[in-house]
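Undergrad: Just dropping this structure here.
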Amino acid sequence: MDFSALGLGPELLQAVAGAGYVKPTPIQEQAIPVVLMGRDVLGCAQTGTGKTASFTLPMIEILAAGRAKARMPRSLILCPTRELAAQVADNFDKYGKFHRLTKALIIGGESMSDQVALLDRGVDVLIATPGRLLDMFERGRILLTDVRILVIDEADRMLDMGFIPDVQRIVGLLPKIRQTLFFSATLGPEIRTLADDFLMNPKEITVSPEASTAPTVEQFLAVVDEIDKRETLRHIIRVENVKNAFIFCNRKRDVAVLYRSLTKHGFDAAQLHGDMAQPARMEALGRFKSGDVALMVCSDVAARGIDIQGVSHVFNFDVPIHAEDYVHRIGRTGRAGMAGRAFTIAVPEDGRHVAAIETLIGKPIPRMEIEGVPPLDLDMESRRRRGGKGGRPERTDRAEKTARPERTDRPEKAARPERTDRPEKAARPEKAARPDRDDRRPATGSRDERRGDERKSDTRREDRNRGRRRGRIDELGIGEMLHADSVVGFGDHVPDFIQRAVPAARVAVARGDE
Ligand code: AMP
C-alpha cells in the first residue's frame, strides 16, 4: 500500500516523501485511516515500528482545520519520558512543516516560564510528561477542557514508572467527548483495564513485536568474571572499528560508574540515565547525535525511544533481565539494512537470562573469547539476580527531584587501603558484584538451600578472583570496596557504614581462631 491510499492530504504526503518514506509501516497502514475517521485506537506496538507517525500524521490532518485558544490546547500527547516527548515533538516538526500548527513541549527539568509563554499564545498540540503537566494545571496555567484528541504513548512504561495515577487524574480533567489513541508495547490485564477506562469502542491494532533480531546485526557473547567486564569492554572497543555505540547497563548507578571508568581510560563517552537533570540529558544526547562523542553509556529507560540512525555497535555491559530488552537494545544498530555489531558481556550467573534471550531470538549467540581475559562458562543453575528493572523503576519525569549524589563521587571510600598481611581476606568478592536487596528475584527452594547456593557461588567467584584483584583495583580505582582485616561484620551483607574497626584480638575471638 502507498501513503496516498491512507487519506492524508497533499502537504502531508509531501512531508512524508521528504522524510524519505516509501511505504507506510503496518501500524501506519492500519491506524492512519481509523484515526482519520475519528475512532479511538488501542495500538499494541513497540518503538521502532513507526507508531509515532501513525498518530502524528492523522492528527496533523485533523488539527489543520481550526485554531487554538490561549492556554487551551486542542490535543494532548502524554509520554513517559522527556526524551520520548521531545522526539514526538520533532516528529510534529518533521511532518507538519507544510502546516501552520503550533505545539508546546511541557516536560520537567526545563524553564517553566518559557513553557507558560508558549501556552499563553495557544497551542494545537501539547506534548507532555504527566508530572510537569499536572504542575502546570495546579498553577492554573493551563485548561484542558478543549482537548479533542488524547494520545497516551507507551502506556506500559507509564505503568512501570508509576505514572498511572497522574495519567488518570489528567484524563479526568479532559472532556468526555474526545478521541483517544492509546499505545502500549504490551497488553497485559492492567493495561487492558486502563484501556477500558479511557477508550470508547476502540479499534484494536496489534503489530507483532520484534522477537527476532535483524540479520544485519552480528551478535557475540563473552562470558567473563565480573571483575573482567570493564577490561573486556575496553578490549572490544579498541579492536572493533567503533564509529558510535550504545553501551547498556541494567542500573543507573552502574551507568555512572562505567561512564567514569571509560572516560578515565581515555574513551570519548557520554552518559544518559534517569537521575540526570534534563539539560545534562539533552546535552549528552545532542553530543552523541552530532558525533561529538562516540560512546553513549545508558540505561534502558533513559534510552528508550531514542532514534539515532547509523549506530555501528551496541554493547550490553549487563545482560538484560527481560529478554525483549535484548532485542530492543541491539535493534539500535543494523537499522535500514546497514551492518551492525552487538556484543554482550555476561558473567556465569547470567546463565538463565542468556538462555531466555536465546530462546526468544531462536538461536544461540555466538561465543567469543577476549585476549588476556579468562573465558568462563555460563552457570545455568544460578538464581542470582544481577540488577535490572526489578528494583525501583526510574521516574525520569521527576528525576531532578530525586537526584541523589552518585556513590562514585566518593572515591576515597572506594579506595579504602587494604592490609597486605592477610591477602586471602583482600580477595573477598567485590561489593559491586552483589545484587541490591531490592533487585533480587524471589528465589525458590528453602531459605537455607538458597543461602547454601549463594555461598557456593560466592566461593567459586572468590577462587577465580584471587591473585588478580589487587592489580585491577589499582588500575581502576573506582567502584571496588575492600575491608581492612580488623573490620568485622555479620557476613557479607553488612553495609559499610555500620561496620567498625575492632582490635585484632577480638577479631580472632569472633572467628574462633585458636
Ligand atoms: P517510531 O516507531 O515512531 O519510533 O519510528 C521508528 C523509526 O522509523 C523512526 O526513525 C522513523 O523516522 C522511521 N519511520 C517511520 N515511519 C516510516 C516509514 N513509513 N518508512 C520508513 N521509516 C519510517
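Each chain of the C-alpha cells is named A, B, ... in the order shown, its residues numbered from 1; ligands are numbered from 1 in display order.
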Within 7 Å of ligand 1, which residues of chain A show up? Give each one with its shortest atom-to-atom distance in Å (one decimal) and the two atoms involved, counting only C-alpha atoms and all ligand atoms, rows by chain then rising residue number, as a Markdown table.
TA:
| residue | atom | partner | partner_atom_place_in_ligand_line | distance |
| --- | --- | --- | --- | --- |
| A:Gly20 | CA | ligand 1 | 21 (C) | 7.0 |
| A:Tyr21 | CA | ligand 1 | 20 (N) | 4.1 |
| A:Val22 | CA | ligand 1 | 20 (N) | 6.0 |
| A:Lys23 | CA | ligand 1 | 19 (N) | 5.1 |
| A:Pro24 | CA | ligand 1 | 19 (N) | 3.8 |
| A:Thr25 | CA | ligand 1 | 19 (N) | 4.8 |
| A:Gln46 | CA | ligand 1 | 2 (O) | 6.5 |
| A:Thr47 | CA | ligand 1 | 2 (O) | 4.0 |
| A:Gly48 | CA | ligand 1 | 2 (O) | 3.3 |
| A:Thr49 | CA | ligand 1 | 2 (O) | 4.0 |
| A:Gly50 | CA | ligand 1 | 2 (O) | 3.4 |
| A:Lys51 | CA | ligand 1 | 3 (O) | 4.2 |
| A:Thr52 | CA | ligand 1 | 3 (O) | 3.6 |
| A:Ala53 | CA | ligand 1 | 3 (O) | 5.6 |
| A:Gly305 | CA | ligand 1 | 4 (O) | 5.9 |
| A:Asp307 | CA | ligand 1 | 10 (O) | 5.6 |
Undergrad: Output C-alpha atoms of each residue in that selection to a file, as an mmCIF file, in the first residue's frame.
TA:
data_model
loop_
_atom_site.group_PDB
_atom_site.id
_atom_site.type_symbol
_atom_site.label_atom_id
_atom_site.label_comp_id
_atom_site.auth_asym_id
_atom_site.auth_seq_id
_atom_site.Cartn_x
_atom_site.Cartn_y
_atom_site.Cartn_z
ATOM 1 C CA GLY A 20 12.290 9.530 2.682
ATOM 2 C CA TYR A 21 9.475 7.087 3.482
ATOM 3 C CA VAL A 22 8.371 4.997 0.545
ATOM 4 C CA LYS A 23 5.706 2.795 2.128
ATOM 5 C CA PRO A 24 3.704 3.028 5.332
ATOM 6 C CA THR A 25 4.662 0.583 8.078
ATOM 7 C CA GLN A 46 6.674 -1.042 20.123
ATOM 8 C CA THR A 47 9.028 1.809 19.444
ATOM 9 C CA GLY A 48 10.681 1.273 16.098
ATOM 10 C CA THR A 49 7.507 0.169 14.310
ATOM 11 C CA GLY A 50 6.725 3.669 13.039
ATOM 12 C CA LYS A 51 3.985 4.165 15.631
ATOM 13 C CA THR A 52 4.763 7.865 16.217
ATOM 14 C CA ALA A 53 3.899 8.738 12.625
ATOM 15 C CA GLY A 305 12.637 5.507 22.102
ATOM 16 C CA ASP A 307 16.001 7.305 17.482
#
Undergrad: As a PyMOL selection string, list the residues of segment 160-385 of chain A assigned to alpha helix (DSSP H) by DSSP on the backbone atoms of this structure.
TA: chain A and resi 160+164-172+189-198+229-239+252-264+278-290+300-303+323-330+351-361
Undergrad: As an exercise, work out the distance from atom CA of Phe55 of chain A to atom CA of Val116 of chain A in Å and give it to one decimal place.
TA: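 Taking atom CA of Phe55 of chain A as the start and atom CA of Val116 of chain A as the end point, the length is 25.4 Å.
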Undergrad: Record the distance separating atom CA of Ser261 of chain A and atom CA of Lys229 of chain A, expressed in Å with one decimal.
TA: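 So the answer is 11.5 Å.
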Undergrad: Residues within 8 Å of segment 240-253 of chain A, please, as a PyMOL selection string. Count only C-alpha atoms; anything in the same chain fewer than 5 positions from it doesn't count.
TA: chain A and resi 273-275+291+293-300+311-321+329+332+387-389+406-407
Undergrad: Neighbours of segment 87-91 of chain A within 12 Å (only C-alpha atoms; same-chain residues fewer than 3 positions away dropped), as a ChimeraX atom specification?
TA: /A:15-16,19,47,50-57,59-60,76-84,94-97,101-107,125-129,151-154,282,285,303-308
